[in-house]
Structures are given as structure tokens and as C-alpha cells.
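Structure data follow from entry_13.cif (mmCIF, C-alpha atoms and all ligand atoms):
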```cif
data_data
loop_
_atom_site.label_atom_id
_atom_site.label_comp_id
_atom_site.auth_asym_id
_atom_site.auth_seq_id
_atom_site.Cartn_x
_atom_site.Cartn_y
_atom_site.Cartn_z
CA MET A 1 0.00 0.00 0.00
CA ALA A 2 2.73 2.41 0.98
CA GLU A 3 4.43 4.38 -1.77
CA PRO A 4 8.12 3.61 -2.25
CA ILE A 5 9.84 6.60 -0.68
CA GLY A 6 13.41 7.76 -0.44
CA ILE A 7 13.11 9.94 -3.47
CA VAL A 8 11.27 12.83 -1.85
CA THR A 9 13.61 15.68 -1.08
CA ALA A 10 13.15 17.98 1.91
CA LYS A 11 12.48 20.78 -0.57
CA ASP A 12 9.67 18.91 -2.32
CA ALA A 13 8.15 17.67 0.93
CA LEU A 14 8.15 21.24 2.22
CA PHE A 15 6.63 22.64 -0.94
CA ALA A 16 3.77 20.16 -0.80
CA ALA A 17 3.26 20.78 2.92
CA VAL A 18 3.08 24.56 2.50
CA GLN A 19 0.45 24.11 -0.21
CA ARG A 20 -1.69 21.87 2.02
CA LEU A 21 -1.46 24.18 5.03
CA ARG A 22 -2.20 27.24 2.86
CA GLU A 23 -5.20 25.59 1.26
CA ALA A 24 -6.52 24.86 4.74
CA GLY A 25 -6.28 28.60 5.55
CA ILE A 26 -3.43 28.34 8.05
CA PRO A 27 -1.80 31.78 8.16
CA SER A 28 1.73 30.75 9.12
CA ALA A 29 1.90 27.90 6.57
CA ARG A 30 5.56 28.22 5.52
CA LEU A 31 6.98 28.69 9.00
CA ASP A 32 4.85 25.85 10.38
CA ALA A 33 5.83 23.48 7.55
CA GLU A 34 9.51 24.21 8.24
CA VAL A 35 9.29 23.92 12.01
CA LEU A 36 7.41 20.64 11.75
CA LEU A 37 9.91 19.19 9.27
CA THR A 38 12.86 20.13 11.46
CA HIS A 39 10.97 18.54 14.36
CA VAL A 40 10.64 15.28 12.42
CA LEU A 41 14.25 15.34 11.18
CA GLY A 42 15.63 16.46 14.54
CA THR A 43 17.58 19.30 12.95
CA GLY A 44 17.57 23.10 13.03
CA ARG A 45 16.00 25.26 10.31
CA GLU A 46 19.46 26.24 9.02
CA TYR A 47 19.97 22.58 8.14
CA LEU A 48 16.93 22.63 5.85
CA TYR A 49 18.22 25.69 4.03
CA ALA A 50 21.68 24.16 3.67
CA HIS A 51 20.44 20.72 2.54
CA PRO A 52 17.27 21.17 0.47
CA GLU A 53 18.12 18.04 -1.55
CA ARG A 54 18.33 15.83 1.56
CA CYS A 55 16.05 12.81 0.95
CA LEU A 56 13.40 11.81 3.47
CA ASP A 57 13.30 8.09 4.20
CA PHE A 58 9.97 6.33 4.42
CA ASP A 59 9.67 6.68 8.17
CA GLU A 60 10.51 10.39 8.11
CA TYR A 61 8.01 11.00 5.33
CA GLU A 62 5.26 9.16 7.20
CA ARG A 63 5.97 11.01 10.41
CA TYR A 64 5.94 14.33 8.58
CA GLN A 65 2.55 13.56 7.06
CA ALA A 66 1.26 12.59 10.50
CA VAL A 67 2.31 15.87 12.14
CA LEU A 68 0.89 17.82 9.20
CA GLU A 69 -2.43 16.05 9.70
CA ARG A 70 -2.41 17.17 13.32
CA ARG A 71 -1.62 20.75 12.30
CA LEU A 72 -4.49 20.65 9.80
CA THR A 73 -6.83 20.17 12.79
CA ARG A 74 -5.49 23.62 13.86
CA LEU A 75 -3.56 22.16 16.78
CA PRO A 76 -0.86 24.76 17.59
CA VAL A 77 2.66 23.85 16.43
CA ALA A 78 3.97 24.02 20.02
CA TYR A 79 1.55 21.28 21.14
CA ILE A 80 2.74 19.10 18.26
CA THR A 81 6.46 19.61 18.89
CA GLY A 82 5.88 19.70 22.68
CA LYS A 83 8.03 22.74 23.18
CA LYS A 84 8.17 26.52 23.05
CA GLU A 85 11.00 28.97 23.56
CA PHE A 86 10.49 31.70 26.15
CA MET A 87 13.16 34.11 27.44
CA SER A 88 15.65 32.08 25.33
CA LEU A 89 14.86 28.97 27.39
CA ASP A 90 13.17 25.83 26.05
CA PHE A 91 9.88 25.00 27.77
CA THR A 92 8.04 21.71 27.50
CA VAL A 93 4.32 22.28 26.84
CA ASP A 94 1.20 20.21 26.37
CA GLU A 95 -2.53 20.85 26.07
CA HIS A 96 -2.88 21.39 29.83
CA VAL A 97 -0.93 24.66 29.73
CA LEU A 98 -1.04 27.93 27.86
CA ILE A 99 1.73 28.24 25.27
CA PRO A 100 4.04 31.00 26.58
CA ARG A 101 3.66 34.23 24.58
CA PRO A 102 6.37 36.69 23.52
CA GLU A 103 4.47 39.60 25.12
CA THR A 104 4.87 37.92 28.51
CA GLU A 105 8.63 38.39 28.16
CA VAL A 106 8.00 42.11 28.73
CA LEU A 107 6.46 41.28 32.12
CA VAL A 108 9.33 38.98 33.07
CA GLU A 109 12.04 41.41 31.94
CA GLU A 110 10.43 44.21 33.92
CA VAL A 111 10.37 42.11 37.09
CA ILE A 112 13.93 40.86 36.61
CA PHE A 113 15.12 44.40 36.05
CA ARG A 114 13.34 45.88 39.07
CA VAL A 115 14.15 43.08 41.50
CA GLY A 116 17.67 42.51 40.11
CA SER A 117 18.68 46.09 40.75
CA ARG A 118 17.43 45.80 44.35
CA ILE A 119 19.33 42.57 45.01
CA GLY A 120 22.43 44.42 43.84
CA ILE A 121 22.12 47.05 46.56
CA SER A 122 20.83 44.96 49.44
CA SER A 123 23.06 43.98 52.33
CA PRO A 124 23.98 40.33 53.05
CA GLU A 125 21.79 40.15 56.18
CA ASP A 126 18.71 41.07 54.14
CA ARG A 127 15.86 38.61 54.00
CA PRO A 128 15.79 36.39 50.89
CA THR A 129 14.08 37.78 47.84
CA ILE A 130 10.82 35.88 47.43
CA ILE A 131 8.66 36.31 44.33
CA ALA A 132 5.25 34.73 43.72
CA ASP A 133 4.01 33.74 40.25
CA ILE A 134 0.22 33.34 40.35
CA GLY A 135 -1.20 30.99 37.67
CA THR A 136 2.16 29.61 36.61
CA GLY A 137 0.91 27.32 33.80
CA SER A 138 3.99 25.86 32.09
CA GLY A 139 6.14 27.65 34.67
CA ALA A 140 7.41 30.05 32.00
CA ILE A 141 7.45 33.08 34.32
CA ALA A 142 8.60 31.32 37.51
CA VAL A 143 11.36 29.31 35.84
CA SER A 144 12.77 32.18 33.81
CA ILE A 145 12.80 34.52 36.81
CA ALA A 146 14.59 31.84 38.84
CA TRP A 147 17.02 31.30 35.97
CA PHE A 148 17.93 34.97 35.63
CA LEU A 149 17.79 35.92 39.34
CA LYS A 150 20.08 33.28 40.77
CA THR A 151 19.38 33.99 44.44
CA ALA A 152 15.63 34.55 44.28
CA GLU A 153 13.16 32.10 45.76
CA ILE A 154 9.91 31.61 43.89
CA ILE A 155 6.44 30.50 44.91
CA ALA A 156 4.51 29.26 41.86
CA THR A 157 0.79 28.63 42.17
CA ASP A 158 -1.92 27.31 39.88
CA ILE A 159 -5.45 26.00 40.28
CA SER A 160 -4.61 23.19 37.84
CA ALA A 161 -2.72 20.14 39.12
CA ASP A 162 -1.79 19.21 35.53
CA ALA A 163 -0.24 22.63 34.96
CA LEU A 164 1.81 22.29 38.15
CA ILE A 165 3.17 18.92 36.97
CA MET A 166 4.37 20.60 33.76
CA ALA A 167 5.77 23.62 35.62
CA ARG A 168 7.74 21.34 37.96
CA LYS A 169 9.07 19.42 34.96
CA ASN A 170 10.29 22.68 33.41
CA SER A 171 11.91 23.77 36.65
CA LYS A 172 13.87 20.49 36.74
CA LYS A 173 14.83 20.84 33.09
CA HIS A 174 16.46 24.17 33.87
CA GLN A 175 17.74 23.08 37.29
CA VAL A 176 15.94 25.71 39.30
CA ASP A 177 13.57 23.32 41.09
CA ASN A 178 15.46 23.76 44.37
CA ARG A 179 14.37 27.43 44.47
CA ILE A 180 10.74 27.10 43.37
CA LYS A 181 7.91 25.90 45.58
CA PHE A 182 4.82 24.74 43.67
CA LEU A 183 1.47 25.19 45.39
CA GLN A 184 -1.99 24.31 44.17
CA GLY A 185 -4.93 26.58 44.95
CA ASP A 186 -7.10 29.54 44.07
CA LEU A 187 -5.09 32.71 43.35
CA LEU A 188 -3.24 33.87 46.49
CA SER A 189 -4.89 31.45 48.92
CA PRO A 190 -1.85 29.09 48.98
CA LEU A 191 0.29 32.00 50.22
CA SER A 192 -1.56 32.31 53.50
CA ARG A 193 -1.07 28.59 54.21
CA GLU A 194 2.67 29.24 53.89
CA GLY A 195 2.68 32.22 56.26
CA LEU A 196 4.06 34.58 53.64
CA GLU A 197 2.48 37.79 54.97
CA ARG A 198 4.81 40.78 54.35
CA GLN A 199 7.42 38.48 52.75
CA LEU A 200 7.13 39.02 49.00
CA THR A 201 9.29 41.38 46.97
CA ALA A 202 7.02 40.91 43.96
CA ILE A 203 3.77 39.20 43.04
CA VAL A 204 3.76 38.48 39.31
CA SER A 205 0.96 37.13 37.17
CA ASN A 206 -0.21 36.64 33.63
CA PRO A 207 -3.76 35.82 34.69
CA PRO A 208 -6.56 34.69 32.36
CA TYR A 209 -7.76 38.03 30.98
CA LEU A 210 -9.91 37.49 27.90
CA SER A 211 -13.48 38.83 28.08
CA ARG A 212 -16.30 36.51 27.10
CA ARG A 213 -16.57 38.38 23.80
CA ALA A 214 -12.81 38.11 23.08
CA MET A 215 -12.90 34.43 24.00
CA ALA A 216 -15.63 33.83 21.42
CA ALA A 217 -13.43 35.41 18.72
CA VAL A 218 -10.09 33.65 19.30
CA SER A 219 -8.33 31.81 16.48
CA PRO A 220 -8.98 28.06 16.10
CA GLU A 221 -5.49 27.49 17.57
CA VAL A 222 -6.11 29.53 20.74
CA ALA A 223 -9.50 27.79 21.10
CA LEU A 224 -7.52 24.55 21.63
CA GLU A 225 -5.63 26.01 24.61
CA PRO A 226 -7.15 25.57 28.10
CA LYS A 227 -10.16 27.88 28.49
CA SER A 228 -9.34 28.13 32.20
CA ALA A 229 -6.03 29.79 31.22
CA LEU A 230 -7.72 32.43 29.06
CA LEU A 231 -11.16 33.46 30.23
CA GLY A 232 -11.14 36.18 32.88
CA GLY A 233 -14.89 36.52 33.44
CA GLU A 234 -17.39 38.69 31.57
CA GLU A 235 -15.04 41.66 31.00
CA GLY A 236 -11.81 39.70 31.42
CA LEU A 237 -10.90 41.62 34.57
CA ASP A 238 -11.92 39.24 37.37
CA PHE A 239 -8.50 37.70 38.08
CA SER A 240 -6.49 40.90 37.68
CA PHE A 241 -8.78 42.73 40.13
CA ALA A 242 -8.76 39.82 42.59
CA ILE A 243 -4.95 39.55 42.56
CA LEU A 244 -4.59 43.28 43.24
CA GLU A 245 -7.17 43.03 46.02
CA GLN A 246 -5.51 40.06 47.68
CA SER A 247 -1.85 41.11 47.33
CA GLY A 248 -1.51 43.90 49.92
CA PRO A 249 -0.90 41.74 53.01
CA TYR A 250 1.80 39.64 51.30
CA LEU A 251 3.98 42.44 49.97
CA ALA A 252 7.20 43.22 51.82
CA PRO A 253 7.93 46.93 52.30
CA GLY A 254 8.68 48.33 48.84
CA GLY A 255 7.16 45.27 47.17
CA PHE A 256 5.00 45.43 44.06
CA VAL A 257 2.45 43.59 41.95
CA ALA A 258 3.23 43.11 38.23
CA LEU A 259 0.39 42.01 35.96
CA GLU A 260 0.15 41.27 32.26
CA VAL A 261 -3.09 42.81 30.98
CA GLY A 262 -5.24 42.73 27.83
CA HIS A 263 -4.65 45.34 25.09
CA ASP A 264 -7.51 47.56 26.29
CA GLN A 265 -7.33 46.93 30.04
CA ALA A 266 -4.28 48.80 31.35
CA GLU A 267 -6.02 52.05 32.25
CA ILE A 268 -8.99 50.39 33.93
CA ILE A 269 -6.69 48.18 35.99
CA ALA A 270 -4.25 50.99 36.85
CA ASP A 271 -7.19 53.18 37.98
CA PHE A 272 -8.62 50.37 40.06
CA ALA A 273 -5.25 49.83 41.77
CA LYS A 274 -4.78 53.54 42.46
CA LYS A 275 -8.26 54.81 43.23
CA ASP A 276 -10.08 51.79 44.64
CA LEU A 277 -7.24 50.02 46.39
CA GLY A 278 -4.90 52.89 47.26
CA TYR A 279 -1.69 51.58 45.67
CA GLY A 280 0.62 54.62 45.71
CA LYS A 281 2.89 53.92 42.74
CA VAL A 282 1.20 52.63 39.62
CA GLU A 283 2.92 52.38 36.24
CA VAL A 284 2.00 51.02 32.83
CA ILE A 285 4.61 49.45 30.54
CA ARG A 286 4.18 48.96 26.80
CA ASP A 287 5.15 45.83 24.87
CA LEU A 288 7.23 45.78 21.67
CA ALA A 289 4.10 46.43 19.60
CA GLY A 290 3.47 49.61 21.63
CA ILE A 291 0.49 48.11 23.46
CA GLN A 292 0.02 48.90 27.17
CA ARG A 293 0.78 45.39 28.39
CA VAL A 294 2.00 45.44 31.98
CA VAL A 295 0.66 47.18 35.08
CA ILE A 296 3.01 47.61 38.04
CA ALA A 297 1.40 48.53 41.34
CA GLY A 298 3.49 49.31 44.41
CA GLN A 299 2.40 50.55 47.82
N1 LIG A 301 2.04 31.95 33.59
C1 LIG A 301 1.84 31.21 32.36
C2 LIG A 301 2.32 32.04 31.18
O1 LIG A 301 2.43 33.26 31.33
O2 LIG A 301 2.57 31.49 30.12
C3 LIG A 301 0.38 30.79 32.20
C4 LIG A 301 -0.59 31.93 32.23
S1 LIG A 301 -2.27 31.49 31.80
C5 LIG A 301 -2.76 32.96 30.99
C6 LIG A 301 -3.16 31.58 33.34
C7 LIG A 301 -2.95 30.46 34.33
O3 LIG A 301 -3.76 30.72 35.49
C8 LIG A 301 -3.35 29.07 33.86
O4 LIG A 301 -2.30 28.18 34.05
C9 LIG A 301 -4.55 28.69 34.73
O5 LIG A 301 -4.62 27.31 35.06
C10 LIG A 301 -4.29 29.51 35.96
N2 LIG A 301 -5.51 29.80 36.75
C11 LIG A 301 -6.78 29.96 36.32
N3 LIG A 301 -7.60 30.22 37.35
C12 LIG A 301 -6.82 30.24 38.47
C13 LIG A 301 -7.10 30.43 39.85
N4 LIG A 301 -8.35 30.69 40.29
N5 LIG A 301 -6.08 30.36 40.72
C14 LIG A 301 -4.82 30.09 40.28
N6 LIG A 301 -4.51 29.90 38.99
C15 LIG A 301 -5.49 29.96 38.10
N1 LIG A 302 -2.44 36.79 25.10
C1 LIG A 302 -3.33 35.66 25.20
C2 LIG A 302 -4.12 35.51 23.92
O1 LIG A 302 -4.98 36.26 23.58
C3 LIG A 302 -4.23 35.76 26.43
C4 LIG A 302 -3.45 35.38 27.63
C5 LIG A 302 -4.19 35.58 28.89
O2 LIG A 302 -5.42 35.52 29.01
N2 LIG A 302 -3.42 35.83 29.88
O3 LIG A 302 -3.86 34.63 23.17
#
```
Using C-alpha cells, write down the structure from this file.
Amino acid sequence: MAEPIGIVTAKDALFAAVQRLREAGIPSARLDAEVLLTHVLGTGREYLYAHPERCLDFDEYERYQAVLERRLTRLPVAYITGKKEFMSLDFTVDEHVLIPRPETEVLVEEVIFRVGSRIGISSPEDRPTIIADIGTGSGAIAVSIAWFLKTAEIIATDISADALIMARKNSKKHQVDNRIKFLQGDLLSPLSREGLERQLTAIVSNPPYLSRRAMAAVSPEVALEPKSALLGGEEGLDFSFAILEQSGPYLAPGGFVALEVGHDQAEIIADFAKKDLGYGKVEVIRDLAGIQRVVIAGQ
């Protein structure tokens, strides 16, 4: 039944794959076809450019067709390859966790910058720097902060046990598991069980923040990510408001909350922090696309 293979070059296999993905209306057809072929061949993309005449053997061809079939169901590439790069680190992902987004790097960089400069000036007898990541998902935020701030201790929480399994796996992969404590529970509730009142230098979160309307309009790919990682109530603000409301008692003097927010939410959330909750220092940071993406609220 099977066609005799060994004569299909990488170039021809790619060409055919791009056509199929394009015909199915997949916007990133070329990139996806390349990433999936390098995944099957176990090479980098440079290899494909350097060796377009490389022949696929039967097994490679079959596996390539199988991953293309999965992509044609609109399954995101990262769920097919099982990995996604974030902050130049490789994260393992599966359908239980949100795929880390580039805009979240802005949040992480901001926290690393602010906390890093404080560690630099603190005296040796200072208390340890403890940072909480609320809704850690794959562990992208917690693990990369631990990786870049070598003395920080991290508390990573999630409501989802499956997400915490993945986050722990990623912390081991990058050898920062000895500085991250994983706790399951609703928003900041695990912090009180740990007696962390007035202990945290920063509380960081990329909470679910899509409104019901935005959720109904997501791409077929995003619709295959966990809804519990995306939907933030009717207006998308429920988790962001709740985190700001609950954070006060856990912040150490000079501590701050850093939240990723939706493209049209920064002002509402900054106002809420300032006017309703009395945070003294509130700032909004833009992402690389110029969108107001991060709200920092300090006391
Ligand atoms: N931090 C990851 C990132 O930036 O890639 C994942 C962020 S994802 C947008 C939100 C995460 O919050 C999901 O992992 C979800 O399971 C978690 N979550 C949802 N409701 C929660 C709750 N009530 N308490 C704690 N975590 C929650
Ligand atoms: N940026 C994500 C998306 O729209 C939403 C992430 C979130 O809710 N925190 O795909």
C-alpha cells in the first residue's frame, strides 16, 4: 500500500506541505511546515536551508505527514512539537498549559530588572528575595525569573494540578527546582497557608484576561488552549482585580504587583489599583508592539 519513498527531497516535501497548510487557511503555513519538518528530522532550520536536496526516508516521510495532519486540525505547532522557547529557554508544553507568549517576556524582563537592581544594593543580612508567580501554567514566568535571578526564591501557584506537573518538569529541566515551591490553589490562597504575609518582593501574574466576547473570537489554535487559562470573566478583569485586592498583606515593604493585561485593560486596571485600592505607585509598561501590556502597582 505504501508508496516507495526515499526519493522525496526535503524541498519537495516542504513545498507540498506549505500548499496543504495554505489551502486549509493556516496563516503561518511556511513557518509551520519548516518547524514541523525540522521537528521530524531532529535538525535546526538552518539545516533545511543548507540541505534542500536531503532525501526523506519512508519513516521520516510518514511522520511528517502525521504531524501535518495534526496541524491541519489547527492544533498549535507548540503542542505538536511539545516545546516553546520563552526568554531564550526551552519549555516543554502540552494541552494542559497555555503556550508561553512573547508579550509575557516584557512582564518577566520588567520584574527581573526591578528586583535585580534591588538585590544588587541589598546587604547580606537582608531577607531572601521571594517572588510569587500566580497561575504559573507551564512555569514560564517562575522558571525564567529563577534562571535569571540566581538567588531569588519563587512560589509558583496554579489552580490546575496538571499545569503544576508541567511547571515542575520545566523547573527540573532548567535546574531551578530547588528554588521554586509549587502550590496548588485559588489565586493567592496558597500564600496564607505558607505564612508569607509581608514576605514578598514581587507578586507576578499573567492571569486569564480574555473577556467573554474576546474568547468567542479567538483563532482556532487559541481555542484549543485551556479555556481556564484564558477566560477572565465577563469583561476579562476578574483575576487581575482579585490579585490586586488580595496582594496587599503579602507584599514586603517596597514590594510590588506586576500584571500582564489585555490590550484595552491597562487604564482600567491601573485606575482600580490607584483609586479603589490605594496603591501609591502605579505604572503602565508597553510591549514591543506599543500596546500597554504590563501594570506595576506598588504601595
Ligand atoms: N504563567 C503562564 C504564562 O504566562 O505562560 C500561564 C498563564 S495562563 C494565561 C493563566 C494560568 O492561570 C493558567 O495556568 C490557569 O490554570 C491559571 N488559573 C486559572 N484560574 C486560576 C485560579 N483561580 N487560581 C490560580 N490559577 C489559576
Ligand atoms: N495573550 C493571550 C491571547 O490572547 C491571552 C493570555 C491571557 O489571558 N493571559 O492569546
- Task: Let me have all residues with an atom within 7 Å of ligand LIG 301 (chain A), counting only C-alpha atoms and all ligand atoms, laid out as a list in words.
- Result: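 Counting only what the definition allows, namely only C-alpha atoms and all ligand atoms, the set is Val97, Leu98, Ile99, Pro100, Arg101, Thr104, Ile134, Gly135, Thr136, Gly137, Ser138, Gly139, Ala140, Ile141, Thr157, Asp158, Ile159, Ser160, Ala163, Gly185, Asp186, Leu187, Ser205, Asn206, Pro207, Pro208, Ser228, Ala229 and Leu230 of chain A.
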- Item | Who sits within 10 Å of Ala161 in chain A, all atoms listed in the file, same chain under 4 positions skipped, as number ranges by chain | A: 96, 137, 157, 165-167, 182-185
- Have a look at A:Asp90, A:Glu23, A:Glu221, A:Asp162 and name the one nearest to ligand LIG 302 (chain A); count only C-alpha atoms and all ligand atoms.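 Among the listed residues, the smallest separation from ligand LIG 302 (chain A) belongs to A:Glu221.
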- Query: From the set A:Met215, A:Pro253, A:Pro128, A:Ala33, which residue has the shortest atom-to-atom contact distance to Glu69 in chain A, counting all atoms listed in the file?
  - Reply: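 Comparing A:Met215, A:Pro253, A:Pro128, A:Ala33 against Glu69 in chain A, the winner is A:Ala33.
In this comparison, which uses all atoms listed in the file, the residue of A:Ser219, A:Thr92, A:Thr9, A:Ser28 approaching Glu60 in chain A most closely is A:Thr9.
Comparing A:Lys281, A:His174, A:His263, A:Lys275 by their smallest distance to ligand LIG 302 (chain A), the closest is A:His263 (using only C-alpha atoms and all ligand atoms).
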- So, counting only C-alpha atoms, which residue among A:Ala270, A:Ile180, A:Ala78, A:Cys55 is closest to Glu225 in chain A? A:Ala78
- So what do you get for CA of Val35 in chain A versus CA of Asp177 in chain A, distance-wise?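 Calculated distance between CA of Val35 in chain A and CA of Asp177 in chain A is 29.4 Å.
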- Nearest residue to Gly298 in chain A from the set A:Leu231, A:Ile268, A:Val257, A:Val115 (distances using all atoms listed in the file):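 The answer is A:Val257, which sits nearest to Gly298 in chain A.
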Around all listed atoms of ligand LIG 302 (chain A), padded 5 Å per side, what centre and edge lengths does the axis-aligned box have in Å to one decimal, as AutoDock Vina command-line options?
```
--center_x -3.9 --center_y 35.7 --center_z 26.5 --size_x 13.0 --size_y 12.2 --size_z 16.7
```
- Query: Please, what distance in Å, to one decimal, runs between atom C5 of ligand LIG 302 (chain A) and CA of Leu251 in chain A?
  - Reply: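 We find that atom C5 of ligand LIG 302 (chain A) and CA of Leu251 in chain A lie 23.6 Å from each other.
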- What is the CA of Trp147 in chain A to CA of Phe86 in chain A distance in Å? 11.8 Å
- Write out as number ranges by chain each polymer residue whose atoms come within 6 Å of Ala252 in chain A, counting only C-alpha atoms; drop sequence neighbours fewer than 2 positions from it. A: 198-201, 255
Could you give me, as a PDB file with C-alpha atoms, in the frame of the given file, the residues within 12 Å of range 241-248 of chain A, counting only C-alpha atoms and dropping anything in the same chain fewer than 6 positions from it?
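result.pdb written:
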```pdb
ATOM      1  CA  ILE A 131       8.660  36.310  44.330  1.00  0.00           C
ATOM      2  CA  ALA A 132       5.250  34.730  43.720  1.00  0.00           C
ATOM      3  CA  ASP A 133       4.010  33.740  40.250  1.00  0.00           C
ATOM      4  CA  ILE A 134       0.220  33.340  40.350  1.00  0.00           C
ATOM      5  CA  GLY A 135      -1.200  30.990  37.670  1.00  0.00           C
ATOM      6  CA  ASP A 186      -7.100  29.540  44.070  1.00  0.00           C
ATOM      7  CA  LEU A 187      -5.090  32.710  43.350  1.00  0.00           C
ATOM      8  CA  LEU A 188      -3.240  33.870  46.490  1.00  0.00           C
ATOM      9  CA  SER A 189      -4.890  31.450  48.920  1.00  0.00           C
ATOM     10  CA  PRO A 190      -1.850  29.090  48.980  1.00  0.00           C
ATOM     11  CA  LEU A 191       0.290  32.000  50.220  1.00  0.00           C
ATOM     12  CA  SER A 192      -1.560  32.310  53.500  1.00  0.00           C
ATOM     13  CA  LEU A 196       4.060  34.580  53.640  1.00  0.00           C
ATOM     14  CA  GLU A 197       2.480  37.790  54.970  1.00  0.00           C
ATOM     15  CA  ARG A 198       4.810  40.780  54.350  1.00  0.00           C
ATOM     16  CA  GLN A 199       7.420  38.480  52.750  1.00  0.00           C
ATOM     17  CA  LEU A 200       7.130  39.020  49.000  1.00  0.00           C
ATOM     18  CA  THR A 201       9.290  41.380  46.970  1.00  0.00           C
ATOM     19  CA  ALA A 202       7.020  40.910  43.960  1.00  0.00           C
ATOM     20  CA  ILE A 203       3.770  39.200  43.040  1.00  0.00           C
ATOM     21  CA  VAL A 204       3.760  38.480  39.310  1.00  0.00           C
ATOM     22  CA  SER A 205       0.960  37.130  37.170  1.00  0.00           C
ATOM     23  CA  ASN A 206      -0.210  36.640  33.630  1.00  0.00           C
ATOM     24  CA  PRO A 207      -3.760  35.820  34.690  1.00  0.00           C
ATOM     25  CA  PRO A 208      -6.560  34.690  32.360  1.00  0.00           C
ATOM     26  CA  TYR A 209      -7.760  38.030  30.980  1.00  0.00           C
ATOM     27  CA  GLY A 232     -11.140  36.180  32.880  1.00  0.00           C
ATOM     28  CA  GLY A 233     -14.890  36.520  33.440  1.00  0.00           C
ATOM     29  CA  GLU A 235     -15.040  41.660  31.000  1.00  0.00           C
ATOM     30  CA  GLY A 254       8.680  48.330  48.840  1.00  0.00           C
ATOM     31  CA  GLY A 255       7.160  45.270  47.170  1.00  0.00           C
ATOM     32  CA  PHE A 256       5.000  45.430  44.060  1.00  0.00           C
ATOM     33  CA  VAL A 257       2.450  43.590  41.950  1.00  0.00           C
ATOM     34  CA  ALA A 258       3.230  43.110  38.230  1.00  0.00           C
ATOM     35  CA  LEU A 259       0.390  42.010  35.960  1.00  0.00           C
ATOM     36  CA  GLU A 260       0.150  41.270  32.260  1.00  0.00           C
ATOM     37  CA  VAL A 261      -3.090  42.810  30.980  1.00  0.00           C
ATOM     38  CA  GLN A 265      -7.330  46.930  30.040  1.00  0.00           C
ATOM     39  CA  ALA A 266      -4.280  48.800  31.350  1.00  0.00           C
ATOM     40  CA  ILE A 268      -8.990  50.390  33.930  1.00  0.00           C
ATOM     41  CA  ILE A 269      -6.690  48.180  35.990  1.00  0.00           C
ATOM     42  CA  ALA A 270      -4.250  50.990  36.850  1.00  0.00           C
ATOM     43  CA  ASP A 271      -7.190  53.180  37.980  1.00  0.00           C
ATOM     44  CA  PHE A 272      -8.620  50.370  40.060  1.00  0.00           C
ATOM     45  CA  ALA A 273      -5.250  49.830  41.770  1.00  0.00           C
ATOM     46  CA  LYS A 274      -4.780  53.540  42.460  1.00  0.00           C
ATOM     47  CA  ASP A 276     -10.080  51.790  44.640  1.00  0.00           C
ATOM     48  CA  LEU A 277      -7.240  50.020  46.390  1.00  0.00           C
ATOM     49  CA  GLY A 278      -4.900  52.890  47.260  1.00  0.00           C
ATOM     50  CA  TYR A 279      -1.690  51.580  45.670  1.00  0.00           C
ATOM     51  CA  GLY A 280       0.620  54.620  45.710  1.00  0.00           C
ATOM     52  CA  VAL A 282       1.200  52.630  39.620  1.00  0.00           C
ATOM     53  CA  VAL A 295       0.660  47.180  35.080  1.00  0.00           C
ATOM     54  CA  ILE A 296       3.010  47.610  38.040  1.00  0.00           C
ATOM     55  CA  ALA A 297       1.400  48.530  41.340  1.00  0.00           C
ATOM     56  CA  GLY A 298       3.490  49.310  44.410  1.00  0.00           C
ATOM     57  CA  GLN A 299       2.400  50.550  47.820  1.00  0.00           C
TER      58      GLN A 299
END
```
- Message: From (-10.1, 24.1, 16.0), in the file's coordinates, out to 9 Å: which residues are reached, counting only C-alpha atoms? Answer as a PyMOL selection string.
- Response: chain A and resi 73-75+219-224
Is there a way to complete range 286-290 of chain A with all heavy atoms and then write that out as an mmCIF file, in the frame of the given file?
```cif
data_model
loop_
_atom_site.group_PDB
_atom_site.id
_atom_site.type_symbol
_atom_site.label_atom_id
_atom_site.label_comp_id
_atom_site.auth_asym_id
_atom_site.auth_seq_id
_atom_site.Cartn_x
_atom_site.Cartn_y
_atom_site.Cartn_z
ATOM 1 N N ARG A 286 4.631 49.408 28.124
ATOM 2 C CA ARG A 286 4.180 48.960 26.800
ATOM 3 C C ARG A 286 5.002 47.772 26.311
ATOM 4 O O ARG A 286 6.165 47.644 26.667
ATOM 5 C CB ARG A 286 4.319 50.102 25.787
ATOM 6 C CG ARG A 286 3.327 51.202 26.015
ATOM 7 C CD ARG A 286 3.559 52.380 25.082
ATOM 8 N NE ARG A 286 2.758 53.513 25.510
ATOM 9 C CZ ARG A 286 1.515 53.747 25.090
ATOM 10 N NH1 ARG A 286 0.954 52.962 24.193
ATOM 11 N NH2 ARG A 286 0.831 54.776 25.545
ATOM 12 N N ASP A 287 4.388 46.942 25.470
ATOM 13 C CA ASP A 287 5.150 45.830 24.870
ATOM 14 C C ASP A 287 5.814 46.305 23.576
ATOM 15 O O ASP A 287 5.749 47.491 23.225
ATOM 16 C CB ASP A 287 4.267 44.582 24.656
ATOM 17 C CG ASP A 287 3.162 44.799 23.633
ATOM 18 O OD1 ASP A 287 3.235 45.769 22.846
ATOM 19 O OD2 ASP A 287 2.222 43.980 23.617
ATOM 20 N N LEU A 288 6.464 45.391 22.860
ATOM 21 C CA LEU A 288 7.230 45.780 21.670
ATOM 22 C C LEU A 288 6.329 46.297 20.548
ATOM 23 O O LEU A 288 6.773 47.022 19.670
ATOM 24 C CB LEU A 288 8.070 44.591 21.177
ATOM 25 C CG LEU A 288 9.107 44.098 22.188
ATOM 26 C CD1 LEU A 288 9.770 42.814 21.704
ATOM 27 C CD2 LEU A 288 10.155 45.174 22.456
ATOM 28 N N ALA A 289 5.042 45.930 20.608
ATOM 29 C CA ALA A 289 4.100 46.430 19.600
ATOM 30 C C ALA A 289 3.518 47.777 20.022
ATOM 31 O O ALA A 289 2.656 48.322 19.328
ATOM 32 C CB ALA A 289 2.994 45.404 19.393
ATOM 33 N N GLY A 290 3.975 48.309 21.172
ATOM 34 C CA GLY A 290 3.470 49.610 21.630
ATOM 35 C C GLY A 290 2.174 49.508 22.417
ATOM 36 O O GLY A 290 1.567 50.517 22.775
#
```
